[in-house]
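Single-structure report; data block below.
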Amino acid sequence: MSTGLRDDIRRVLIQPVVSEKSFGLVEAHNQYTFRVLEHAHKTMIRQAVEEQFDVTVTDVRIINVRSKPKRRGATRGRRPGWKKAIVELQPGDRINLFEGA
């Protein structure tokens, strides 16, 4: 029987953010960017990254990305907002998920 907290920590990270800026952070500062659950806090994100990738996290920063207005012809709507986490790793640690992309 599994505990709810352990399962919740595994689902905190939704996907990595793949952009030029995020790859620049990896090369320059050893910082990795992830899309995370809306209710996730810094401790949960730190535990999820350390457990899934077997690395040591030194800092976690969280950004709430606002929703954006969109239009298609006369129809107006909004893209949903989401939560982004920038995770800094201990020098020497790497996440191979971002390598070679």
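Each chain in the structure tokens gets a letter, A, B and so on, in the order shown; residues start at 1 in every chain, and ligands are counted from 1 in the order they appear.
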
Considering only strand (DSSP E or B) as DSSP defines it on the backbone, what residues of chain A qualify? List them as a PyMOL selection string. chain A and resi 13-16+31-36+57-65+69-72+75-78+82-89

Those selected residues, please, written with N, CA and C atoms and delivered as a CSV table (one decimal), in the first residue's frame.
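Result file result_37.csv:
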```
chain,number,residue,atom,x,y,z
A,13,LEU,N,6.4,17.3,-10.7
A,13,LEU,CA,7.1,17.8,-11.9
A,13,LEU,C,6.2,17.4,-13.1
A,14,ILE,N,5.7,18.3,-13.8
A,14,ILE,CA,4.8,18.0,-15.0
A,14,ILE,C,5.7,17.7,-16.2
A,15,GLN,N,6.6,18.7,-16.6
A,15,GLN,CA,7.4,18.5,-17.7
A,15,GLN,C,8.5,19.6,-17.6
A,16,PRO,N,9.7,19.3,-18.3
A,16,PRO,CA,10.7,20.3,-18.4
A,16,PRO,C,10.3,21.4,-19.3
A,31,GLN,N,21.1,25.6,-13.7
A,31,GLN,CA,19.8,25.8,-13.2
A,31,GLN,C,18.8,25.1,-14.3
A,32,TYR,N,17.9,24.4,-13.8
A,32,TYR,CA,16.9,23.6,-14.6
A,32,TYR,C,15.5,24.1,-14.4
A,33,THR,N,14.7,24.2,-15.5
A,33,THR,CA,13.4,24.8,-15.4
A,33,THR,C,12.3,23.7,-15.7
A,34,PHE,N,11.3,23.7,-14.8
A,34,PHE,CA,10.3,22.7,-14.9
A,34,PHE,C,8.9,23.3,-14.8
A,35,ARG,N,7.9,22.8,-15.4
A,35,ARG,CA,6.5,23.1,-15.2
A,35,ARG,C,6.1,22.2,-14.1
A,36,VAL,N,5.4,22.8,-13.0
A,36,VAL,CA,5.1,22.1,-11.8
A,36,VAL,C,3.6,22.2,-11.5
A,57,VAL,N,19.8,19.6,-4.7
A,57,VAL,CA,19.3,20.9,-5.0
A,57,VAL,C,19.8,21.9,-4.0
A,58,THR,N,20.3,23.0,-4.5
A,58,THR,CA,20.7,24.1,-3.6
A,58,THR,C,19.8,25.3,-3.5
A,59,ASP,N,18.9,25.5,-4.5
A,59,ASP,CA,18.0,26.6,-4.5
A,59,ASP,C,16.8,26.3,-5.4
A,60,VAL,N,15.6,26.8,-5.0
A,60,VAL,CA,14.4,26.6,-5.8
A,60,VAL,C,13.7,28.0,-5.9
A,61,ARG,N,13.4,28.4,-7.1
A,61,ARG,CA,12.7,29.7,-7.3
A,61,ARG,C,11.4,29.3,-8.1
A,62,ILE,N,10.3,30.0,-7.7
A,62,ILE,CA,9.0,29.7,-8.3
A,62,ILE,C,8.5,30.9,-9.0
A,63,ILE,N,7.9,30.7,-10.2
A,63,ILE,CA,7.3,31.8,-10.9
A,63,ILE,C,5.9,31.4,-11.3
A,64,ASN,N,4.9,32.3,-11.0
A,64,ASN,CA,3.5,32.0,-11.5
A,64,ASN,C,3.4,32.7,-12.9
A,65,VAL,N,3.3,31.9,-13.9
A,65,VAL,CA,3.1,32.5,-15.3
A,65,VAL,C,1.7,32.9,-15.5
A,69,PRO,N,-4.3,36.6,-23.0
A,69,PRO,CA,-5.4,36.7,-23.8
A,69,PRO,C,-5.1,36.2,-25.2
A,70,LYS,N,-6.0,35.5,-25.8
A,70,LYS,CA,-5.9,35.0,-27.2
A,70,LYS,C,-7.1,35.3,-28.0
A,71,ARG,N,-7.0,35.4,-29.3
A,71,ARG,CA,-8.1,35.6,-30.2
A,71,ARG,C,-8.0,34.8,-31.4
A,72,ARG,N,-9.1,34.2,-31.8
A,72,ARG,CA,-9.2,33.5,-33.1
A,72,ARG,C,-10.4,34.1,-33.8
A,75,THR,N,-13.7,35.3,-31.8
A,75,THR,CA,-13.8,34.6,-30.5
A,75,THR,C,-12.6,35.0,-29.7
A,76,ARG,N,-12.9,35.4,-28.5
A,76,ARG,CA,-11.9,35.7,-27.5
A,76,ARG,C,-11.8,34.7,-26.4
A,77,GLY,N,-10.6,34.5,-25.9
A,77,GLY,CA,-10.5,33.6,-24.8
A,77,GLY,C,-9.1,33.9,-24.1
A,78,ARG,N,-8.8,33.0,-23.2
A,78,ARG,CA,-7.5,33.1,-22.4
A,78,ARG,C,-6.8,31.8,-22.4
A,82,TRP,N,0.1,29.0,-15.4
A,82,TRP,CA,0.7,27.8,-14.9
A,82,TRP,C,1.9,28.2,-14.0
A,83,LYS,N,2.5,27.3,-13.3
A,83,LYS,CA,3.5,27.5,-12.3
A,83,LYS,C,4.8,26.9,-12.9
A,84,LYS,N,5.9,27.7,-12.8
A,84,LYS,CA,7.2,27.3,-13.2
A,84,LYS,C,8.2,27.3,-12.1
A,85,ALA,N,9.1,26.4,-12.0
A,85,ALA,CA,10.1,26.3,-11.0
A,85,ALA,C,11.5,26.3,-11.7
A,86,ILE,N,12.4,27.1,-11.2
A,86,ILE,CA,13.8,27.1,-11.6
A,86,ILE,C,14.6,26.5,-10.4
A,87,VAL,N,15.3,25.4,-10.7
A,87,VAL,CA,16.0,24.6,-9.7
A,87,VAL,C,17.4,24.7,-9.9
A,88,GLU,N,18.2,25.1,-8.9
A,88,GLU,CA,19.7,25.2,-9.1
A,88,GLU,C,20.3,24.0,-8.4
A,89,LEU,N,21.2,23.3,-9.0
A,89,LEU,CA,21.8,22.1,-8.5
A,89,LEU,C,23.2,22.4,-8.0
```

Using DSSP on the backbone coordinates, identify all residues within chain A classified as helix (DSSP H, G or I); present the result as number ranges by chain. A: 4-10, 20-29, 42-53, 96-98

Separation of CA of Gln52 (chain A) from CA of Arg79 (chain A) in Å: 29.4 Å

Determine the nearest neighbour of Asn96 (chain A) from the options A:Val26, A:Val17, A:Ala48, A:Val12, counting only C-alpha atoms.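 Looking only at the distances to Asn96 (chain A), the closest residue turns out to be A:Val26.
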
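Among A:Ser22, A:Thr43, A:Asn30, A:Ser67, the residue with the shortest atom-to-atom distance to Pro91 (chain A), counting only C-alpha atoms, is A:Asn30.
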